[in-house]
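> Contents of my_file_15.pdb (PDB, C-alpha atoms):
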ATOM      1  CA  MET A  27      17.975 -22.232  10.992
ATOM      2  CA  SER A  28      19.818 -18.928  10.857
ATOM      3  CA  LYS A  29      21.656 -17.639  13.912
ATOM      4  CA  ARG A  30      19.916 -14.859  15.857
ATOM      5  CA  ILE A  31      21.931 -11.702  16.520
ATOM      6  CA  LEU A  32      21.307  -8.610  18.680
ATOM      7  CA  VAL A  33      23.024  -5.391  17.528
ATOM      8  CA  VAL A  34      23.823  -2.782  20.206
ATOM      9  CA  ASP A  35      25.267   0.621  19.244
ATOM     10  CA  ASP A  36      24.250   4.208  20.063
ATOM     11  CA  ALA A  37      24.641   5.259  16.392
ATOM     12  CA  PRO A  38      21.649   4.286  14.195
ATOM     13  CA  ILE A  39      23.880   4.369  11.090
ATOM     14  CA  ILE A  40      26.189   1.709  12.559
ATOM     15  CA  ARG A  41      23.216  -0.453  13.585
ATOM     16  CA  LEU A  42      21.921  -0.163  10.012
ATOM     17  CA  MET A  43      25.304  -1.025   8.457
ATOM     18  CA  LEU A  44      25.825  -4.039  10.730
ATOM     19  CA  SER A  45      22.242  -5.246  10.276
ATOM     20  CA  ASP A  46      22.550  -5.006   6.483
ATOM     21  CA  ILE A  47      25.779  -7.020   6.494
ATOM     22  CA  LEU A  48      24.303  -9.663   8.798
ATOM     23  CA  LYS A  49      20.955 -10.006   6.980
ATOM     24  CA  PHE A  50      22.681 -10.159   3.592
ATOM     25  CA  ASN A  51      24.740 -13.065   4.918
ATOM     26  CA  ASN A  52      21.759 -15.034   6.235
ATOM     27  CA  TYR A  53      21.879 -14.083   9.891
ATOM     28  CA  GLU A  54      18.689 -12.994  11.611
ATOM     29  CA  VAL A  55      18.877  -9.627  13.393
ATOM     30  CA  VAL A  56      16.402 -10.175  16.222
ATOM     31  CA  GLY A  57      16.715  -6.759  17.809
ATOM     32  CA  GLU A  58      18.694  -3.571  18.265
ATOM     33  CA  GLY A  59      19.718  -1.618  21.335
ATOM     34  CA  CYS A  60      20.917   1.992  21.496
ATOM     35  CA  ASN A  61      22.771   1.864  24.826
ATOM     36  CA  GLY A  62      24.255  -0.674  27.216
ATOM     37  CA  GLN A  63      21.163  -0.946  29.401
ATOM     38  CA  GLU A  64      18.953  -1.647  26.399
ATOM     39  CA  GLY A  65      21.474  -4.246  25.306
ATOM     40  CA  VAL A  66      21.172  -6.063  28.641
ATOM     41  CA  ASP A  67      17.359  -5.813  28.696
ATOM     42  CA  LYS A  68      16.976  -7.022  25.114
ATOM     43  CA  TYR A  69      19.423  -9.874  25.670
ATOM     44  CA  LYS A  70      17.284 -11.138  28.567
ATOM     45  CA  GLU A  71      14.114 -10.733  26.523
ATOM     46  CA  LEU A  72      15.301 -12.117  23.178
ATOM     47  CA  LYS A  73      18.080 -14.555  24.181
ATOM     48  CA  PRO A  74      20.016 -14.150  20.924
ATOM     49  CA  ASP A  75      22.842 -16.457  19.819
ATOM     50  CA  LEU A  76      25.285 -13.520  19.669
ATOM     51  CA  VAL A  77      25.509  -9.797  20.471
ATOM     52  CA  THR A  78      27.546  -7.149  18.668
ATOM     53  CA  MET A  79      28.255  -4.491  21.279
ATOM     54  CA  ASP A  80      29.703  -0.977  20.952
ATOM     55  CA  ILE A  81      31.988   0.038  23.846
ATOM     56  CA  VAL A  82      31.477   3.817  24.175
ATOM     57  CA  MET A  83      27.754   4.393  24.749
ATOM     58  CA  PRO A  84      25.636   6.601  26.992
ATOM     59  CA  GLU A  85      23.916   5.306  30.144
ATOM     60  CA  LYS A  86      25.930   2.091  30.371
ATOM     61  CA  ASP A  87      29.076   1.327  28.393
ATOM     62  CA  GLY A  88      29.489  -1.846  26.382
ATOM     63  CA  ILE A  89      31.937  -3.559  28.744
ATOM     64  CA  GLN A  90      29.604  -3.108  31.720
ATOM     65  CA  ALA A  91      26.658  -4.307  29.625
ATOM     66  CA  MET A  92      28.617  -7.371  28.489
ATOM     67  CA  THR A  93      29.583  -8.156  32.110
ATOM     68  CA  GLU A  94      25.893  -8.098  33.105
ATOM     69  CA  ILE A  95      24.939 -10.252  30.126
ATOM     70  CA  LEU A  96      27.609 -12.800  31.086
ATOM     71  CA  GLU A  97      26.337 -12.820  34.678
ATOM     72  CA  PHE A  98      22.887 -13.676  33.283
ATOM     73  CA  ASP A  99      24.196 -16.208  30.751
ATOM     74  CA  LYS A 100      27.786 -17.365  31.129
ATOM     75  CA  ASN A 101      27.713 -18.852  27.619
ATOM     76  CA  ALA A 102      26.727 -15.578  25.931
ATOM     77  CA  LYS A 103      28.758 -14.667  22.843
ATOM     78  CA  VAL A 104      29.605 -10.965  22.667
ATOM     79  CA  VAL A 105      31.657  -9.364  19.879
ATOM     80  CA  MET A 106      32.773  -5.830  20.729
ATOM     81  CA  VAL A 107      32.611  -3.158  17.994
ATOM     82  CA  THR A 108      34.691  -0.079  18.760
ATOM     83  CA  ALA A 109      36.665   2.815  17.291
ATOM     84  CA  ILE A 110      39.097   2.705  20.219
ATOM     85  CA  ASP A 111      42.049   0.792  18.817
ATOM     86  CA  GLN A 112      44.049   0.720  22.054
ATOM     87  CA  ARG A 113      45.604  -2.446  23.374
ATOM     88  CA  GLU A 114      44.664  -1.801  26.985
ATOM     89  CA  SER A 115      41.016  -1.152  26.177
ATOM     90  CA  LEU A 116      40.754  -4.191  23.898
ATOM     91  CA  MET A 117      42.470  -6.460  26.428
ATOM     92  CA  LYS A 118      40.045  -5.214  29.079
ATOM     93  CA  ALA A 119      37.153  -6.254  26.819
ATOM     94  CA  ILE A 120      38.661  -9.677  26.131
ATOM     95  CA  ARG A 121      39.463 -10.246  29.835
ATOM     96  CA  ALA A 122      35.875  -9.291  30.682
ATOM     97  CA  GLY A 123      34.672 -12.068  28.376
ATOM     98  CA  ALA A 124      34.371 -10.669  24.830
ATOM     99  CA  THR A 125      34.608 -13.363  22.164
ATOM    100  CA  ASP A 126      36.302 -11.017  19.675
ATOM    101  CA  TYR A 127      36.409  -7.355  18.652
ATOM    102  CA  ILE A 128      35.891  -5.358  15.459
ATOM    103  CA  ILE A 129      37.529  -1.956  14.936
ATOM    104  CA  LYS A 130      35.453   0.819  13.318
ATOM    105  CA  PRO A 131      35.327   1.733  10.511
ATOM    106  CA  PHE A 132      34.855  -1.914   9.554
ATOM    107  CA  GLU A 133      34.751  -3.927   6.350
ATOM    108  CA  GLN A 134      32.126  -6.615   5.743
ATOM    109  CA  ASP A 135      34.773  -9.372   5.685
ATOM    110  CA  ARG A 136      36.065  -8.464   9.132
ATOM    111  CA  VAL A 137      32.549  -8.462  10.596
ATOM    112  CA  LEU A 138      31.795 -11.871   9.108
ATOM    113  CA  SER A 139      35.102 -13.403  10.201
ATOM    114  CA  ALA A 140      34.502 -12.287  13.817
ATOM    115  CA  ILE A 141      30.935 -13.656  13.777
ATOM    116  CA  LYS A 142      31.982 -16.965  12.208
ATOM    117  CA  LYS A 143      34.849 -17.326  14.676
ATOM    118  CA  ALA A 144      32.434 -16.730  17.573
ATOM    119  CA  PHE A 145      30.180 -19.497  16.241
ATOM    120  CA  GLY A 146      33.151 -21.810  15.684
ATOM    121  CA  GLU A 147      32.605 -21.692  11.924
ATOM    122  CA  ALA A 148      35.883 -20.030  10.926
TER     123      ALA A 148
ATOM    124  CA  MET B  23      55.746  32.296  27.345
ATOM    125  CA  GLU B  24      58.425  29.792  26.361
ATOM    126  CA  ASP B  25      56.346  27.023  27.933
ATOM    127  CA  LYS B  26      53.325  28.098  25.902
ATOM    128  CA  SER B  27      55.379  28.057  22.726
ATOM    129  CA  ARG B  28      56.757  24.564  23.505
ATOM    130  CA  ILE B  29      53.305  23.259  24.343
ATOM    131  CA  SER B  30      51.952  24.788  21.161
ATOM    132  CA  LYS B  31      54.672  22.924  19.221
ATOM    133  CA  ALA B  32      53.795  19.660  20.950
ATOM    134  CA  ILE B  33      50.129  20.170  20.137
ATOM    135  CA  GLN B  34      50.989  20.910  16.515
ATOM    136  CA  LEU B  35      52.898  17.630  16.295
ATOM    137  CA  ILE B  36      50.112  15.658  17.963
ATOM    138  CA  ALA B  37      47.533  17.373  15.774
ATOM    139  CA  GLN B  38      49.466  16.440  12.630
ATOM    140  CA  LEU B  39      49.856  12.806  13.722
ATOM    141  CA  SER B  40      46.207  12.671  14.731
ATOM    142  CA  ILE B  41      45.016  14.207  11.505
ATOM    143  CA  ASP B  42      47.104  11.806   9.422
ATOM    144  CA  ARG B  43      45.516   8.899  11.313
ATOM    145  CA  ALA B  44      42.071  10.488  11.064
ATOM    146  CA  SER B  45      42.523  10.908   7.270
ATOM    147  CA  GLN B  46      43.150   7.179   6.935
ATOM    148  CA  VAL B  47      40.102   6.158   8.947
ATOM    149  CA  PHE B  48      37.885   8.758   7.281
ATOM    150  CA  SER B  49      38.941   7.522   3.798
ATOM    151  CA  LYS B  50      38.072   3.988   4.881
ATOM    152  CA  MET B  51      34.743   5.142   6.230
ATOM    153  CA  VAL B  52      33.607   7.012   3.106
ATOM    154  CA  LYS B  53      35.267   4.443   0.828
ATOM    155  CA  CYS B  54      37.120   6.986  -1.293
ATOM    156  CA  GLY B  55      40.202   9.142  -0.982
ATOM    157  CA  ALA B  56      39.887  11.805   1.662
ATOM    158  CA  LYS B  57      42.365  14.254   3.022
ATOM    159  CA  ILE B  58      42.170  16.158   6.254
ATOM    160  CA  SER B  59      44.568  19.065   6.343
ATOM    161  CA  LEU B  60      45.831  20.919   9.361
ATOM    162  CA  GLU B  61      44.929  24.530   8.622
ATOM    163  CA  LYS B  62      46.088  26.431  11.683
ATOM    164  CA  VAL B  63      47.255  25.949  15.251
ATOM    165  CA  TYR B  64      47.196  29.176  17.236
ATOM    166  CA  LEU B  65      46.732  30.730  20.628
ATOM    167  CA  THR B  66      44.140  33.490  20.747
ATOM    168  CA  ASP B  67      42.209  35.682  23.153
ATOM    169  CA  ILE B  68      39.022  33.865  24.082
ATOM    170  CA  THR B  69      36.846  36.898  23.324
ATOM    171  CA  LYS B  70      38.209  37.027  19.772
ATOM    172  CA  ALA B  71      38.188  33.323  19.032
ATOM    173  CA  THR B  72      34.944  33.272  17.066
ATOM    174  CA  GLU B  73      36.124  36.194  14.882
ATOM    175  CA  GLU B  74      39.533  34.606  14.385
ATOM    176  CA  ILE B  75      38.206  31.402  12.939
ATOM    177  CA  ALA B  76      36.009  33.387  10.519
ATOM    178  CA  ILE B  77      33.083  31.001  10.699
ATOM    179  CA  GLU B  78      30.683  31.375   7.809
ATOM    180  CA  GLY B  79      27.094  31.887   8.832
ATOM    181  CA  GLY B  80      25.111  28.786   7.815
ATOM    182  CA  GLU B  81      23.492  26.048   9.840
ATOM    183  CA  VAL B  82      25.633  23.042  10.561
ATOM    184  CA  ILE B  83      25.358  19.616  12.131
ATOM    185  CA  GLY B  84      28.049  18.975  14.669
ATOM    186  CA  ALA B  85      29.208  16.584  17.323
ATOM    187  CA  TYR B  86      30.821  17.538  20.623
ATOM    188  CA  ILE B  87      33.060  14.934  22.211
ATOM    189  CA  ASP B  88      35.144  15.099  25.376
ATOM    190  CA  LEU B  89      38.450  13.298  25.215
ATOM    191  CA  VAL B  90      38.973  12.288  28.817
ATOM    192  CA  GLY B  91      42.114  10.956  30.439
ATOM    193  CA  ASP B  92      45.639  12.193  31.075
ATOM    194  CA  ALA B  93      45.341  15.098  28.598
ATOM    195  CA  PRO B  94      41.727  16.298  28.472
ATOM    196  CA  PHE B  95      40.594  17.883  25.221
ATOM    197  CA  LYS B  96      37.312  19.036  23.786
ATOM    198  CA  PHE B  97      36.593  18.016  20.233
ATOM    199  CA  LEU B  98      34.106  19.547  17.799
ATOM    200  CA  ILE B  99      33.343  18.495  14.261
ATOM    201  CA  THR B 100      30.857  20.291  12.002
ATOM    202  CA  PHE B 101      29.383  19.679   8.555
ATOM    203  CA  GLU B 102      27.167  22.060   6.641
ATOM    204  CA  THR B 103      23.666  20.608   6.523
ATOM    205  CA  ASN B 104      23.844  19.711   2.796
ATOM    206  CA  ASP B 105      27.229  18.097   3.282
ATOM    207  CA  SER B 106      25.834  15.907   6.061
ATOM    208  CA  LEU B 107      23.359  14.476   3.516
ATOM    209  CA  LEU B 108      26.232  13.680   1.156
ATOM    210  CA  LEU B 109      28.213  12.204   4.040
ATOM    211  CA  THR B 110      25.331   9.822   4.817
ATOM    212  CA  ASP B 111      25.224   8.634   1.190
ATOM    213  CA  LEU B 112      28.995   8.090   1.143
ATOM    214  CA  ILE B 113      29.023   6.084   4.365
ATOM    215  CA  LEU B 114      26.075   3.944   3.301
ATOM    216  CA  GLN B 115      27.476   3.656  -0.256
ATOM    217  CA  ARG B 116      24.278   4.968  -1.772
ATOM    218  CA  PRO B 117      24.185   7.050  -4.977
ATOM    219  CA  THR B 118      24.787  10.683  -4.079
ATOM    220  CA  GLY B 119      21.526  12.582  -3.707
ATOM    221  CA  SER B 120      19.708   9.613  -2.135
ATOM    222  CA  THR B 121      19.522  11.277   1.273
ATOM    223  CA  LYS B 122      17.176  14.216   0.822
ATOM    224  CA  GLU B 123      16.591  15.548   4.293
ATOM    225  CA  LEU B 124      18.115  15.753   7.694
ATOM    226  CA  ASP B 125      16.946  12.830   9.806
ATOM    227  CA  ALA B 126      18.146  10.542  12.581
ATOM    228  CA  LEU B 127      20.393   8.660  10.161
ATOM    229  CA  THR B 128      22.063  11.847   8.927
ATOM    230  CA  GLN B 129      22.679  13.058  12.468
ATOM    231  CA  SER B 130      24.021   9.633  13.274
ATOM    232  CA  ALA B 131      26.459   9.827  10.334
ATOM    233  CA  VAL B 132      27.968  13.007  11.827
ATOM    234  CA  GLN B 133      27.890  11.428  15.302
ATOM    235  CA  GLU B 134      29.808   8.387  14.091
ATOM    236  CA  VAL B 135      32.365  10.344  12.053
ATOM    237  CA  GLY B 136      32.979  12.413  15.206
ATOM    238  CA  ASN B 137      33.328   9.270  17.292
ATOM    239  CA  ILE B 138      35.730   7.600  14.880
ATOM    240  CA  LEU B 139      37.904  10.708  14.411
ATOM    241  CA  ALA B 140      38.031  11.510  18.137
ATOM    242  CA  SER B 141      38.960   7.879  18.756
ATOM    243  CA  ALA B 142      41.710   8.138  16.115
ATOM    244  CA  ILE B 143      43.146  11.081  18.051
ATOM    245  CA  SER B 144      42.989   9.241  21.363
ATOM    246  CA  ASN B 145      44.596   6.226  19.668
ATOM    247  CA  VAL B 146      47.571   8.425  18.657
ATOM    248  CA  PHE B 147      48.016   9.560  22.270
ATOM    249  CA  SER B 148      47.949   5.945  23.369
ATOM    250  CA  SER B 149      50.124   4.344  20.696
ATOM    251  CA  ASP B 150      52.700   7.093  20.150
ATOM    252  CA  PHE B 151      52.951   8.605  23.637
ATOM    253  CA  GLN B 152      51.524   5.934  26.000
ATOM    254  CA  ILE B 153      48.996   8.462  27.286
ATOM    255  CA  LYS B 154      45.593   7.175  28.342
ATOM    256  CA  MET B 155      42.717   8.890  26.539
ATOM    257  CA  LYS B 156      39.163   7.878  25.759
ATOM    258  CA  PRO B 157      36.335   9.655  23.956
ATOM    259  CA  SER B 158      32.966  10.267  25.601
ATOM    260  CA  PRO B 159      29.775   9.374  23.726
ATOM    261  CA  PRO B 160      29.238  12.099  21.070
ATOM    262  CA  GLN B 161      26.588  14.758  21.568
ATOM    263  CA  VAL B 162      24.995  15.691  18.227
ATOM    264  CA  VAL B 163      24.016  19.341  17.785
ATOM    265  CA  HIS B 164      22.308  21.326  15.026
ATOM    266  CA  ASP B 165      22.602  25.115  14.996
ATOM    267  CA  PHE B 166      24.447  28.034  13.431
ATOM    268  CA  ALA B 167      28.176  27.384  13.231
ATOM    269  CA  ALA B 168      29.122  30.420  15.326
ATOM    270  CA  THR B 169      26.630  29.449  18.066
ATOM    271  CA  LEU B 170      28.038  25.944  18.290
ATOM    272  CA  PHE B 171      31.584  27.267  18.379
ATOM    273  CA  GLU B 172      30.796  29.754  21.159
ATOM    274  CA  GLU B 173      29.204  27.011  23.227
ATOM    275  CA  TYR B 174      32.235  24.849  22.568
ATOM    276  CA  ILE B 175      34.770  27.431  23.788
ATOM    277  CA  SER B 176      32.624  28.404  26.781
ATOM    278  CA  ALA B 177      33.943  25.263  28.487
ATOM    279  CA  ILE B 178      37.318  26.903  28.850
ATOM    280  CA  ALA B 179      36.215  30.530  29.383
ATOM    281  CA  ALA B 180      35.968  30.149  33.152
ATOM    282  CA  GLU B 181      39.541  28.999  33.522
ATOM    283  CA  SER B 182      41.551  30.891  30.924
ATOM    284  CA  ASN B 183      41.642  34.129  28.912
ATOM    285  CA  GLU B 184      43.354  32.465  26.005
ATOM    286  CA  ILE B 185      42.652  29.329  24.060
ATOM    287  CA  LEU B 186      44.686  27.259  21.714
ATOM    288  CA  ILE B 187      42.731  26.344  18.613
ATOM    289  CA  ILE B 188      43.546  23.651  16.094
ATOM    290  CA  GLU B 189      41.611  24.050  12.859
ATOM    291  CA  SER B 190      41.424  21.522  10.073
ATOM    292  CA  GLN B 191      39.517  20.994   6.855
ATOM    293  CA  PHE B 192      38.407  17.857   5.018
ATOM    294  CA  MET B 193      38.357  17.244   1.309
ATOM    295  CA  VAL B 194      36.891  14.129  -0.265
ATOM    296  CA  VAL B 195      38.000  13.098  -3.743
ATOM    297  CA  ARG B 196      35.346  13.689  -6.454
ATOM    298  CA  HIS B 197      33.027  15.307  -3.927
ATOM    299  CA  ASN B 198      32.925  18.799  -2.590
ATOM    300  CA  LEU B 199      32.482  17.733   1.015
ATOM    301  CA  LYS B 200      33.766  20.170   3.571
ATOM    302  CA  CYS B 201      34.067  19.679   7.267
ATOM    303  CA  ALA B 202      35.663  21.616  10.092
ATOM    304  CA  MET B 203      37.291  19.940  13.068
ATOM    305  CA  TYR B 204      38.490  21.744  16.203
ATOM    306  CA  ILE B 205      40.536  20.322  19.033
ATOM    307  CA  LEU B 206      40.709  22.354  22.215
ATOM    308  CA  PRO B 207      43.168  21.358  24.957
ATOM    309  CA  LEU B 208      41.748  21.913  28.435
ATOM    310  CA  LYS B 209      43.742  23.221  31.372
ATOM    311  CA  GLY B 210      44.374  19.797  32.873
ATOM    312  CA  SER B 211      46.263  18.761  29.739
ATOM    313  CA  ASP B 212      49.236  21.134  30.399
ATOM    314  CA  LYS B 213      51.237  18.657  32.454
ATOM    315  CA  THR B 214      50.891  15.847  29.937
ATOM    316  CA  LEU B 215      51.665  18.156  27.033
ATOM    317  CA  SER B 216      54.813  19.356  28.842
ATOM    318  CA  TYR B 217      55.795  15.700  29.252
ATOM    319  CA  ILE B 218      55.339  15.188  25.516
ATOM    320  CA  CYS B 219      57.486  18.292  24.845
ATOM    321  CA  ASN B 220      60.285  16.667  26.824
ATOM    322  CA  THR B 221      60.047  13.377  24.962
ATOM    323  CA  ILE B 222      60.109  14.700  21.378
TER     324      ILE B 222
END
Could you quickly redo this structure as structure tokens?

Amino acid sequence: MSKRILVVDDAPIIRLMLSDILKFNNYEVVGEGCNGQEGVDKYKELKPDLVTMDIVMPEKDGIQAMTEILEFDKNAKVVMVTAIDQRESLMKAIRAGATDYIIKPFEQDRVLSAIKKAFGEA
Amino acid sequence: MEDKSRISKAIQLIAQLSIDRASQVFSKMVKCGAKISLEKVYLTDITKATEEIAIEGGEVIGAYIDLVGDAPFKFLITFETNDSLLLTDLILQRPTGSTKELDALTQSAVQEVGNILASAISNVFSSDFQIKMKPSPPQVVHDFAATLFEEYISAIAAESNEILIIESQFMVVRHNLKCAMYILPLKGSDKTLSYICNTI
């Protein structure tokens, strides 16, 4: 059975690009969220195997959303997707519980390696 | 006056570093060679700013982003409407001409280019000068170029008679894609920019 993934990003074009990569590689995209709050709500509703989460988003940022997801499910797998390539920001995400991070703009191979690593398949 | 000139020099250096970084990420994003060139860095009277940049009249899609942190800036990127369609095709690696009209995806393409370029600039502040900066979520806007620019500079009008404008242009290999990017330092950035002046 294919792994179920929730994609959270405020930019529809990024959600489309990530969803295309994931579907093409036999993952099931079970839902999309356009801000951190939607990410939390959809996680609780859909209980996906993994979430890809943007950091800079309106309403609730990705790190806050991930923290709330991990409070709900301490085993949640969250891969951060961000354009902010700054050590401090990335370490903050990892310390808060992110499984891995992907820097935008991304290549398909980098997305897949982060997802596989999160699932222990790398 | 000397301070202004030194700060202007520091901004020119940061702008060049930022634009070099932004060129790399933009090329990666559109999957072909792209060059962003620094056109002008200048201080001008706020009432003459719109005239000075000689904005051509058409409708554009733009994204406003606030760079918040130790050196606050306002960032604006604009694409002519037709160029935003081409931009969408390039990002999604579709044949050019596939995107026929402005829709949520097209606006999102401009939003994401703005986000990635503003982040590239904040990354330069962080990596090269250890200055904390982060972009806000982009606000996508669609209007006449001059209207967007006036709204953009209005943020500084209450606190200064002059503004420092950094203009740049994009060129994408094999495509006539043009884009304008403006970076406007806000008043609170003076102290950090002076610090940079002393370190370079």
> Determine, using only C-alpha atoms, which residues of chain B have any atom at most 7 Å from an atom of chain A, and tabulate each with its shortest atom pair and distance in Å to one decimal place, rows ordered by chain and then rising number, as a tab-separated table.

residue	atom	partner	partner_atom	distance
B:Val47	CA	A:Pro131	CA	6.7
B:Lys50	CA	A:Pro131	CA	6.7
B:Met51	CA	A:Pro131	CA	5.5
B:Leu127	CA	A:Ile39	CA	5.6
B:Ser130	CA	A:Ala37	CA	5.4
B:Ala131	CA	A:Ile39	CA	6.1
B:Glu134	CA	A:Ala37	CA	6.5
B:Ile138	CA	A:Ala109	CA	5.4
B:Ser141	CA	A:Ile110	CA	5.4
B:Asn145	CA	A:Gln112	CA	6.0
B:Ser148	CA	A:Gln112	CA	6.7
B:Ser158	CA	A:Val82	CA	6.8
B:Pro159	CA	A:Met83	CA	5.5
> Determine, counting only C-alpha atoms, which protein, DNA and RNA residues have an atom within 8 Å of an atom of region 61-71 of chain B; residues of the same chain fewer than 3 positions away are not included. Present the result as a PyMOL selection string.
chain B and resi 30+34+74-75+175+179+182-191
> Determine, counting only C-alpha atoms, which protein, DNA and RNA residues have an atom within 8 Å of an atom of Met193 (chain B); residues of the same chain fewer than 5 positions away are not included. Present the result as a PyMOL selection string.
chain B and resi 56-58+198-201
> Which residues, written as a VMD selection string, have at least one atom at most 8 Å from region 95-109 of chain B, with only C-alpha atoms counted and residues fewer than 4 positions away on the same chain left out?
chain B and resid 52 80 to 90 113 118 to 119 121 to 124 128 to 129 131 to 132 136 140 167 174 199 to 208 211
> Could you tell me which residues the PyMOL selection byres ((chain A and resi 94-103) around 6) grabs in this file, written as a PyMOL selection string?
chain A and resi 66+76+91-93+104
> Can you work out which one of B:Val195, B:Ala177, B:Ala93, B:Ile218 has the shortest atom-to-atom distance to Met155 (chain B), counting only C-alpha atoms?
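Nearest candidate to Met155 (chain B) out of B:Val195, B:Ala177, B:Ala93, B:Ile218: B:Ala93.
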> Given 5 Å on each side, where is the centre and what are the edge lengths in Å to one decimal of the axis-aligned box enclosing the listed atoms of region 128-145 of chain A, as JSON?

{"center_x": 33.9, "center_y": -8.9, "center_z": 11.6, "size_x": 17.3, "size_y": 31.2, "size_z": 21.9}
> What does the distance from CA of Ala37 (chain B) to CA of Ser59 (chain B) come to in Å, to one decimal?
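That distance, rounded to one decimal, is 10.0 Å.
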> Do you know which residues the PyMOL selection byres ((chain A and resi 140) around 10) returns on this file, as a ChimeraX atom specification?
/A:78,105-106,125-128,135-139,141-148
> Based on the selection just made, write C-alpha atoms of those residues as a PDB file, in the frame of the given file.

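The new file selection.pdb reads:
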ATOM      1  CA  THR A  78      27.546  -7.149  18.668  1.00  0.00           C
ATOM      2  CA  VAL A 105      31.657  -9.364  19.879  1.00  0.00           C
ATOM      3  CA  MET A 106      32.773  -5.830  20.729  1.00  0.00           C
ATOM      4  CA  THR A 125      34.608 -13.363  22.164  1.00  0.00           C
ATOM      5  CA  ASP A 126      36.302 -11.017  19.675  1.00  0.00           C
ATOM      6  CA  TYR A 127      36.409  -7.355  18.652  1.00  0.00           C
ATOM      7  CA  ILE A 128      35.891  -5.358  15.459  1.00  0.00           C
ATOM      8  CA  ASP A 135      34.773  -9.372   5.685  1.00  0.00           C
ATOM      9  CA  ARG A 136      36.065  -8.464   9.132  1.00  0.00           C
ATOM     10  CA  VAL A 137      32.549  -8.462  10.596  1.00  0.00           C
ATOM     11  CA  LEU A 138      31.795 -11.871   9.108  1.00  0.00           C
ATOM     12  CA  SER A 139      35.102 -13.403  10.201  1.00  0.00           C
ATOM     13  CA  ILE A 141      30.935 -13.656  13.777  1.00  0.00           C
ATOM     14  CA  LYS A 142      31.982 -16.965  12.208  1.00  0.00           C
ATOM     15  CA  LYS A 143      34.849 -17.326  14.676  1.00  0.00           C
ATOM     16  CA  ALA A 144      32.434 -16.730  17.573  1.00  0.00           C
ATOM     17  CA  PHE A 145      30.180 -19.497  16.241  1.00  0.00           C
ATOM     18  CA  GLY A 146      33.151 -21.810  15.684  1.00  0.00           C
ATOM     19  CA  GLU A 147      32.605 -21.692  11.924  1.00  0.00           C
ATOM     20  CA  ALA A 148      35.883 -20.030  10.926  1.00  0.00           C
TER      21      ALA A 148
END
> Between CA of Ser149 (chain B) and CA of Gln90 (chain A), what distance in Å does the model show, to one decimal?
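Between these atoms lies a distance of 24.5 Å.
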> For a test of reading the model, state the distance in Å between CA of Val135 (chain B) and CA of Leu60 (chain B), rounded to one decimal.
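Separating CA of Val135 (chain B) from CA of Leu60 (chain B) is a distance of 17.3 Å.
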> Starting from the point (18.0, -3.8, 15.8), work out which residues of protein, DNA or RNA have an atom no more than 10 Å away when counting all atoms listed in the file; state them as a ChimeraX atom specification.
/A:31-35,38,41-42,44-45,55-60,68
> Choose the residue, out of B:Asp125, B:Pro117, B:Ser144, B:Ala32, that has the smallest atom-to-atom separation from Asp92 (chain B); count only C-alpha atoms.
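Among the listed residues, B:Ser144 lies closest to Asp92 (chain B).
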